[in-house]
Amino acid sequence: CEEWGFFQLVNHGIPLELLERVKKVSSECYRLREAGFKASEPMRTLEALVEAERRGEAVTPVDDMDWEDIFFIHDGCQWPSNPPEFKETMREYRAELKKLAERVMEAMDENLGLAKGSIKGAFSGDGRHEPFFGTKVSHYPPCPRPDLITGLRAHTDAGGVILLFQDDQVGGLEVLKDGRWTDVQPLAGAIVVNTGDQIEVLSDGRYRSAWHRVLPMRDGNRRSIASFYNP
């Protein structure tokens with residue numbers, strides 16, 4: 001947290017069988033949405049750039065959109081109806097991730113010399129309301145021209161603790177440290193944790209909220225499931 005703002009958790013207690021089900025239903029859900037991405041603005045924009053290049057025109061890479069298919073889920077959302085097991089699987093997964101986020105925050109409390117429950121209390125108004133816990137399900141399809149568009153633009157996360165179940169085959173996630181971009185290597189079964197802007201503030205700057213991005217890839221469909229525990 002102090003040096004990178006990112007770390008990978010193994011032996012986190014989430015059953016590998018559940019993670020396999022999450023991978024399966026998320027990939028099936030994207031297959032049902034794939035036609036929509038092929039008709040999306042990023043796809044149309046990239047096709048227009050490639051066509052302009054073929055005509056001999058000078059083109060500039062796009063810097064205001066992402067090569068990403070996304071949807072968000074939270075407790076009050078309208079869930080996808082297909083695949084049928086998506087809702088049950090993701091509810092189970094989100095419950096496990098929320099508990100894991102709270103264990104991580106307790107470890108941060110201890111490391112920072114704070115009373116147990118301090119960070120959770122800051123996020124919940126000392127118990128007056130529930131923190132927000134949302135999940136972003138993303139896919140980054142194969143990109144024929146990764147030099148002309150970004151997968152996900154460089155940013156920091158505004159919230160608290162972010163837990164990412166990333167693809168264990170297709171990379172692309174990078175973290176900025178000391179002016180250089182470094183790969184976050186896929187690690188099977190791991191949960192990637194990063195600290196957001198609110199944690200940087202609560203830790204008085206000890207924990208970093210690091211800039212990160214996702215590069216588009218020519219080969220492979222990158223799956224990314226990020227859960228956000230925020231004030």
# chains A, B, ... in the order shown; residues from 1 in each chain; ligands from 1

call {"tool": "residues_around", "arguments": {"residues": "region 71-85 of chain A", "least_positions_apart": "2", "cutoff": "7 Å", "atoms": "only C-alpha atoms", "output": "list in words"}}
result
Val25, Glu28, Cys29, Lys87, Glu88, Thr89, Phe133, Gly134, Thr135, Lys136, Val137 and Ser138 of chain A

call {"tool": "select_by_dssp", "arguments": {"residues": "region 23-171 of chain A", "states": "alpha helix (DSSP H)", "output": "PyMOL selection string"}}
result
chain A and resi 23-38+41-54+86-112+118-123

call {"tool": "residues_around", "arguments": {"residues": "region 7-18 of chain A", "least_positions_apart": "3", "cutoff": "8 Å", "atoms": "only C-alpha atoms", "output": "MDAnalysis selection string"}}
result
chainID A and resid 1 4 21:22 89 93 96:97 100 189:194

call {"tool": "closest_residue", "arguments": {"among": "A:Pro186, A:Pro42, A:Pro141, A:Gly159", "to": "Ser27 (chain A)", "atoms": "only C-alpha atoms"}}
result
A:Pro141

call {"tool": "residues_around", "arguments": {"residues": "region 113-118 of chain A", "least_positions_apart": "5", "cutoff": "10 Å", "atoms": "only C-alpha atoms", "output": "PyMOL selection string"}}
result
chain A and resi 102-103+105-108+123-124+126+202-203

call {"tool": "residues_around", "arguments": {"residues": "region 143-149 of chain A", "least_positions_apart": "3", "cutoff": "6 Å", "atoms": "only C-alpha atoms", "output": "list in words"}}
result
Pro61, Val62, Pro216, Met217 and Arg218 of chain A

call {"tool": "write_last_selection", "arguments": {"atoms": "C-alpha atoms", "output": "PDB file, in the first residue's frame"}}
result
ATOM      1  CA  PRO A  61      -5.231   8.019 -31.381  1.00  0.00           C
ATOM      2  CA  VAL A  62      -8.484   8.344 -29.444  1.00  0.00           C
ATOM      3  CA  PRO A 216      -6.025  -3.105 -25.190  1.00  0.00           C
ATOM      4  CA  MET A 217      -4.703  -6.397 -26.521  1.00  0.00           C
ATOM      5  CA  ARG A 218      -4.737  -7.812 -30.045  1.00  0.00           C
TER       6      ARG A 218
END

call {"tool": "residues_around", "arguments": {"residues": "Phe132 (chain A)", "least_positions_apart": "3", "cutoff": "7 Å", "atoms": "only C-alpha atoms", "output": "PyMOL selection string"}}
result
chain A and resi 229-231

call {"tool": "closest_residue", "arguments": {"among": "A:Leu112, A:Leu46, A:Ala210, A:Ile162", "to": "Arg180 (chain A)", "atoms": "only C-alpha atoms"}}
result
A:Ala210

call {"tool": "residues_around", "arguments": {"residues": "Gly151 (chain A)", "least_positions_apart": "2", "cutoff": "8 Å", "atoms": "only C-alpha atoms", "output": "MDAnalysis selection string"}}
result
chainID A and resid 66:68 140 149 153 213:216

call {"tool": "closest_residue", "arguments": {"among": "A:Glu2, A:Gly160, A:Lys23, A:Gln198", "to": "Ala101 (chain A)", "atoms": "only C-alpha atoms"}}
result
A:Gly160

call {"tool": "select_by_dssp", "arguments": {"residues": "chain A", "states": "strand (DSSP E or B)", "output": "PyMOL selection string"}}
result
chain A and resi 6-9+66+69-73+132-140+150+152-155+161-166+173-177+180-183+191-195+212-214+222-230

call {"tool": "closest_residue", "arguments": {"among": "A:Ile70, A:Ala226, A:Leu152, A:Ile119", "to": "Ser40 (chain A)", "atoms": "only C-alpha atoms"}}
result
A:Ile70

call {"tool": "closest_residue", "arguments": {"among": "A:Thr150, A:Met90, A:Arg208, A:Gly121", "to": "Met65 (chain A)", "atoms": "only C-alpha atoms"}}
result
A:Thr150

call {"tool": "atom_distance", "arguments": {"atom1": "CA of Glu200 (chain A)", "atom2": "CA of Phe6 (chain A)"}}
result
12.3 Å

call {"tool": "atom_distance", "arguments": {"atom1": "CA of Met43 (chain A)", "atom2": "CA of Ala154 (chain A)"}}
result
19.8 Å

call {"tool": "closest_residue", "arguments": {"among": "A:Val184, A:Ala95, A:Leu163, A:Ala39", "to": "Gly196 (chain A)", "atoms": "only C-alpha atoms"}}
result
A:Leu163

call {"tool": "decode", "arguments": {"residues": "region 93-225 of chain A", "atoms": "C-alpha atoms", "output": "PDB file, in the first residue's frame"}}
result
ATOM      1  CA  TYR A  93     -19.426 -13.637  -4.718  1.00  0.00           C
ATOM      2  CA  ARG A  94     -20.214 -10.057  -3.695  1.00  0.00           C
ATOM      3  CA  ALA A  95     -21.055 -11.154  -0.151  1.00  0.00           C
ATOM      4  CA  GLU A  96     -17.663 -12.869   0.105  1.00  0.00           C
ATOM      5  CA  LEU A  97     -15.863  -9.855  -1.400  1.00  0.00           C
ATOM      6  CA  LYS A  98     -17.522  -7.431   1.005  1.00  0.00           C
ATOM      7  CA  LYS A  99     -16.375  -9.493   3.989  1.00  0.00           C
ATOM      8  CA  LEU A 100     -12.879  -9.667   2.508  1.00  0.00           C
ATOM      9  CA  ALA A 101     -12.800  -5.883   2.022  1.00  0.00           C
ATOM     10  CA  GLU A 102     -13.707  -5.387   5.673  1.00  0.00           C
ATOM     11  CA  ARG A 103     -10.960  -7.778   6.790  1.00  0.00           C
ATOM     12  CA  VAL A 104      -8.482  -5.871   4.632  1.00  0.00           C
ATOM     13  CA  MET A 105      -9.598  -2.594   6.210  1.00  0.00           C
ATOM     14  CA  GLU A 106      -9.126  -4.037   9.701  1.00  0.00           C
ATOM     15  CA  ALA A 107      -5.571  -5.016   8.741  1.00  0.00           C
ATOM     16  CA  MET A 108      -5.047  -1.464   7.487  1.00  0.00           C
ATOM     17  CA  ASP A 109      -6.369  -0.098  10.798  1.00  0.00           C
ATOM     18  CA  GLU A 110      -3.792  -2.151  12.663  1.00  0.00           C
ATOM     19  CA  ASN A 111      -0.944  -1.228  10.319  1.00  0.00           C
ATOM     20  CA  LEU A 112      -1.781   2.471  10.555  1.00  0.00           C
ATOM     21  CA  GLY A 113      -2.094   2.392  14.342  1.00  0.00           C
ATOM     22  CA  LEU A 114      -5.818   3.140  14.257  1.00  0.00           C
ATOM     23  CA  ALA A 115      -8.517   1.639  16.449  1.00  0.00           C
ATOM     24  CA  LYS A 116     -10.159  -1.458  14.973  1.00  0.00           C
ATOM     25  CA  GLY A 117     -13.055  -0.446  12.733  1.00  0.00           C
ATOM     26  CA  SER A 118     -11.812   3.103  12.155  1.00  0.00           C
ATOM     27  CA  ILE A 119     -11.805   2.953   8.352  1.00  0.00           C
ATOM     28  CA  LYS A 120     -15.141   1.159   8.153  1.00  0.00           C
ATOM     29  CA  GLY A 121     -16.554   3.700  10.601  1.00  0.00           C
ATOM     30  CA  ALA A 122     -15.327   6.561   8.438  1.00  0.00           C
ATOM     31  CA  PHE A 123     -17.032   4.995   5.417  1.00  0.00           C
ATOM     32  CA  SER A 124     -20.328   4.373   7.237  1.00  0.00           C
ATOM     33  CA  GLY A 125     -20.631   7.623   9.189  1.00  0.00           C
ATOM     34  CA  ASP A 126     -19.846   5.630  12.346  1.00  0.00           C
ATOM     35  CA  GLY A 127     -22.628   3.196  11.540  1.00  0.00           C
ATOM     36  CA  ARG A 128     -25.292   5.714  10.531  1.00  0.00           C
ATOM     37  CA  HIS A 129     -25.476   4.351   6.981  1.00  0.00           C
ATOM     38  CA  GLU A 130     -24.169   1.472   4.908  1.00  0.00           C
ATOM     39  CA  PRO A 131     -21.037   2.025   2.819  1.00  0.00           C
ATOM     40  CA  PHE A 132     -21.547   1.713  -0.922  1.00  0.00           C
ATOM     41  CA  PHE A 133     -20.438  -1.611  -2.364  1.00  0.00           C
ATOM     42  CA  GLY A 134     -20.669  -1.888  -6.137  1.00  0.00           C
ATOM     43  CA  THR A 135     -19.201  -4.223  -8.728  1.00  0.00           C
ATOM     44  CA  LYS A 136     -18.128  -3.358 -12.260  1.00  0.00           C
ATOM     45  CA  VAL A 137     -18.032  -6.280 -14.695  1.00  0.00           C
ATOM     46  CA  SER A 138     -15.793  -5.473 -17.663  1.00  0.00           C
ATOM     47  CA  HIS A 139     -14.541  -7.201 -20.771  1.00  0.00           C
ATOM     48  CA  TYR A 140     -11.827  -5.881 -23.059  1.00  0.00           C
ATOM     49  CA  PRO A 141     -12.325  -7.665 -26.395  1.00  0.00           C
ATOM     50  CA  PRO A 142      -9.463  -8.277 -28.825  1.00  0.00           C
ATOM     51  CA  CYS A 143      -8.503  -4.952 -30.388  1.00  0.00           C
ATOM     52  CA  PRO A 144      -7.212  -4.919 -33.988  1.00  0.00           C
ATOM     53  CA  ARG A 145      -5.429  -1.566 -33.513  1.00  0.00           C
ATOM     54  CA  PRO A 146      -4.327  -1.104 -29.878  1.00  0.00           C
ATOM     55  CA  ASP A 147      -2.151   1.811 -30.991  1.00  0.00           C
ATOM     56  CA  LEU A 148      -5.253   3.887 -31.756  1.00  0.00           C
ATOM     57  CA  ILE A 149      -7.373   3.506 -28.584  1.00  0.00           C
ATOM     58  CA  THR A 150      -7.017   2.791 -24.858  1.00  0.00           C
ATOM     59  CA  GLY A 151      -8.471  -0.168 -23.001  1.00  0.00           C
ATOM     60  CA  LEU A 152      -9.162   1.915 -19.890  1.00  0.00           C
ATOM     61  CA  ARG A 153      -7.745   5.412 -19.547  1.00  0.00           C
ATOM     62  CA  ALA A 154      -5.216   6.186 -16.812  1.00  0.00           C
ATOM     63  CA  HIS A 155      -6.911   7.191 -13.555  1.00  0.00           C
ATOM     64  CA  THR A 156      -6.931   6.847  -9.788  1.00  0.00           C
ATOM     65  CA  ASP A 157      -9.955   5.422  -7.979  1.00  0.00           C
ATOM     66  CA  ALA A 158     -11.868   8.052  -6.034  1.00  0.00           C
ATOM     67  CA  GLY A 159     -13.211   5.720  -3.356  1.00  0.00           C
ATOM     68  CA  GLY A 160     -11.856   3.415  -0.697  1.00  0.00           C
ATOM     69  CA  VAL A 161     -10.805  -0.204  -1.145  1.00  0.00           C
ATOM     70  CA  ILE A 162     -11.034  -1.852  -4.558  1.00  0.00           C
ATOM     71  CA  LEU A 163     -10.883  -5.621  -4.993  1.00  0.00           C
ATOM     72  CA  LEU A 164     -10.250  -6.879  -8.509  1.00  0.00           C
ATOM     73  CA  PHE A 165     -10.692 -10.416  -9.779  1.00  0.00           C
ATOM     74  CA  GLN A 166      -8.763 -10.067 -13.010  1.00  0.00           C
ATOM     75  CA  ASP A 167      -8.287 -12.407 -15.937  1.00  0.00           C
ATOM     76  CA  ASP A 168      -5.600 -14.989 -15.215  1.00  0.00           C
ATOM     77  CA  GLN A 169      -4.705 -15.436 -18.892  1.00  0.00           C
ATOM     78  CA  VAL A 170      -4.931 -12.013 -20.552  1.00  0.00           C
ATOM     79  CA  GLY A 171      -2.922  -9.145 -19.050  1.00  0.00           C
ATOM     80  CA  GLY A 172      -3.088  -5.429 -19.710  1.00  0.00           C
ATOM     81  CA  LEU A 173      -3.404  -3.859 -16.242  1.00  0.00           C
ATOM     82  CA  GLU A 174      -0.551  -1.465 -15.487  1.00  0.00           C
ATOM     83  CA  VAL A 175       0.337   0.665 -12.442  1.00  0.00           C
ATOM     84  CA  LEU A 176       2.338   3.888 -12.564  1.00  0.00           C
ATOM     85  CA  LYS A 177       5.288   4.064 -10.177  1.00  0.00           C
ATOM     86  CA  ASP A 178       8.197   6.505 -10.297  1.00  0.00           C
ATOM     87  CA  GLY A 179       7.132   7.640 -13.754  1.00  0.00           C
ATOM     88  CA  ARG A 180       7.100   4.129 -15.251  1.00  0.00           C
ATOM     89  CA  TRP A 181       4.210   1.823 -16.100  1.00  0.00           C
ATOM     90  CA  THR A 182       4.530  -1.672 -14.591  1.00  0.00           C
ATOM     91  CA  ASP A 183       2.446  -4.753 -15.440  1.00  0.00           C
ATOM     92  CA  VAL A 184       0.232  -6.298 -12.770  1.00  0.00           C
ATOM     93  CA  GLN A 185       0.905  -9.879 -13.774  1.00  0.00           C
ATOM     94  CA  PRO A 186      -2.134 -12.196 -13.844  1.00  0.00           C
ATOM     95  CA  LEU A 187      -2.012 -14.666 -10.949  1.00  0.00           C
ATOM     96  CA  ALA A 188      -4.552 -17.493 -10.941  1.00  0.00           C
ATOM     97  CA  GLY A 189      -6.984 -17.329  -8.030  1.00  0.00           C
ATOM     98  CA  ALA A 190      -5.609 -14.048  -6.654  1.00  0.00           C
ATOM     99  CA  ILE A 191      -7.560 -10.922  -5.754  1.00  0.00           C
ATOM    100  CA  VAL A 192      -5.813  -7.660  -6.656  1.00  0.00           C
ATOM    101  CA  VAL A 193      -6.377  -4.954  -4.033  1.00  0.00           C
ATOM    102  CA  ASN A 194      -5.761  -1.259  -4.553  1.00  0.00           C
ATOM    103  CA  THR A 195      -6.328   1.736  -2.330  1.00  0.00           C
ATOM    104  CA  GLY A 196      -8.329   4.699  -3.569  1.00  0.00           C
ATOM    105  CA  ASP A 197      -8.206   8.424  -2.936  1.00  0.00           C
ATOM    106  CA  GLN A 198     -10.234   8.193   0.295  1.00  0.00           C
ATOM    107  CA  ILE A 199      -7.795   5.706   1.830  1.00  0.00           C
ATOM    108  CA  GLU A 200      -4.882   7.941   0.863  1.00  0.00           C
ATOM    109  CA  VAL A 201      -6.573  10.774   2.767  1.00  0.00           C
ATOM    110  CA  LEU A 202      -7.495   8.636   5.808  1.00  0.00           C
ATOM    111  CA  SER A 203      -3.947   7.278   6.013  1.00  0.00           C
ATOM    112  CA  ASP A 204      -2.544  10.818   5.883  1.00  0.00           C
ATOM    113  CA  GLY A 205      -0.737   9.917   2.675  1.00  0.00           C
ATOM    114  CA  ARG A 206       0.935   6.716   3.901  1.00  0.00           C
ATOM    115  CA  TYR A 207      -1.099   4.567   1.517  1.00  0.00           C
ATOM    116  CA  ARG A 208      -0.988   5.519  -2.156  1.00  0.00           C
ATOM    117  CA  SER A 209      -3.869   5.921  -4.534  1.00  0.00           C
ATOM    118  CA  ALA A 210      -1.943   4.902  -7.630  1.00  0.00           C
ATOM    119  CA  TRP A 211      -2.569   5.813 -11.245  1.00  0.00           C
ATOM    120  CA  HIS A 212      -3.414   2.744 -13.303  1.00  0.00           C
ATOM    121  CA  ARG A 213      -4.707   1.832 -16.744  1.00  0.00           C
ATOM    122  CA  VAL A 214      -5.608  -1.115 -18.969  1.00  0.00           C
ATOM    123  CA  LEU A 215      -3.975  -1.585 -22.359  1.00  0.00           C
ATOM    124  CA  PRO A 216      -6.025  -3.105 -25.190  1.00  0.00           C
ATOM    125  CA  MET A 217      -4.703  -6.397 -26.521  1.00  0.00           C
ATOM    126  CA  ARG A 218      -4.737  -7.812 -30.045  1.00  0.00           C
ATOM    127  CA  ASP A 219      -5.336 -11.323 -28.750  1.00  0.00           C
ATOM    128  CA  GLY A 220      -7.553 -12.522 -25.935  1.00  0.00           C
ATOM    129  CA  ASN A 221     -10.716 -11.204 -24.310  1.00  0.00           C
ATOM    130  CA  ARG A 222      -9.716  -9.782 -20.920  1.00  0.00           C
ATOM    131  CA  ARG A 223     -12.255 -10.253 -18.126  1.00  0.00           C
ATOM    132  CA  SER A 224     -12.118  -7.852 -15.161  1.00  0.00           C
ATOM    133  CA  ILE A 225     -14.458  -7.814 -12.142  1.00  0.00           C
TER     134      ILE A 225
END
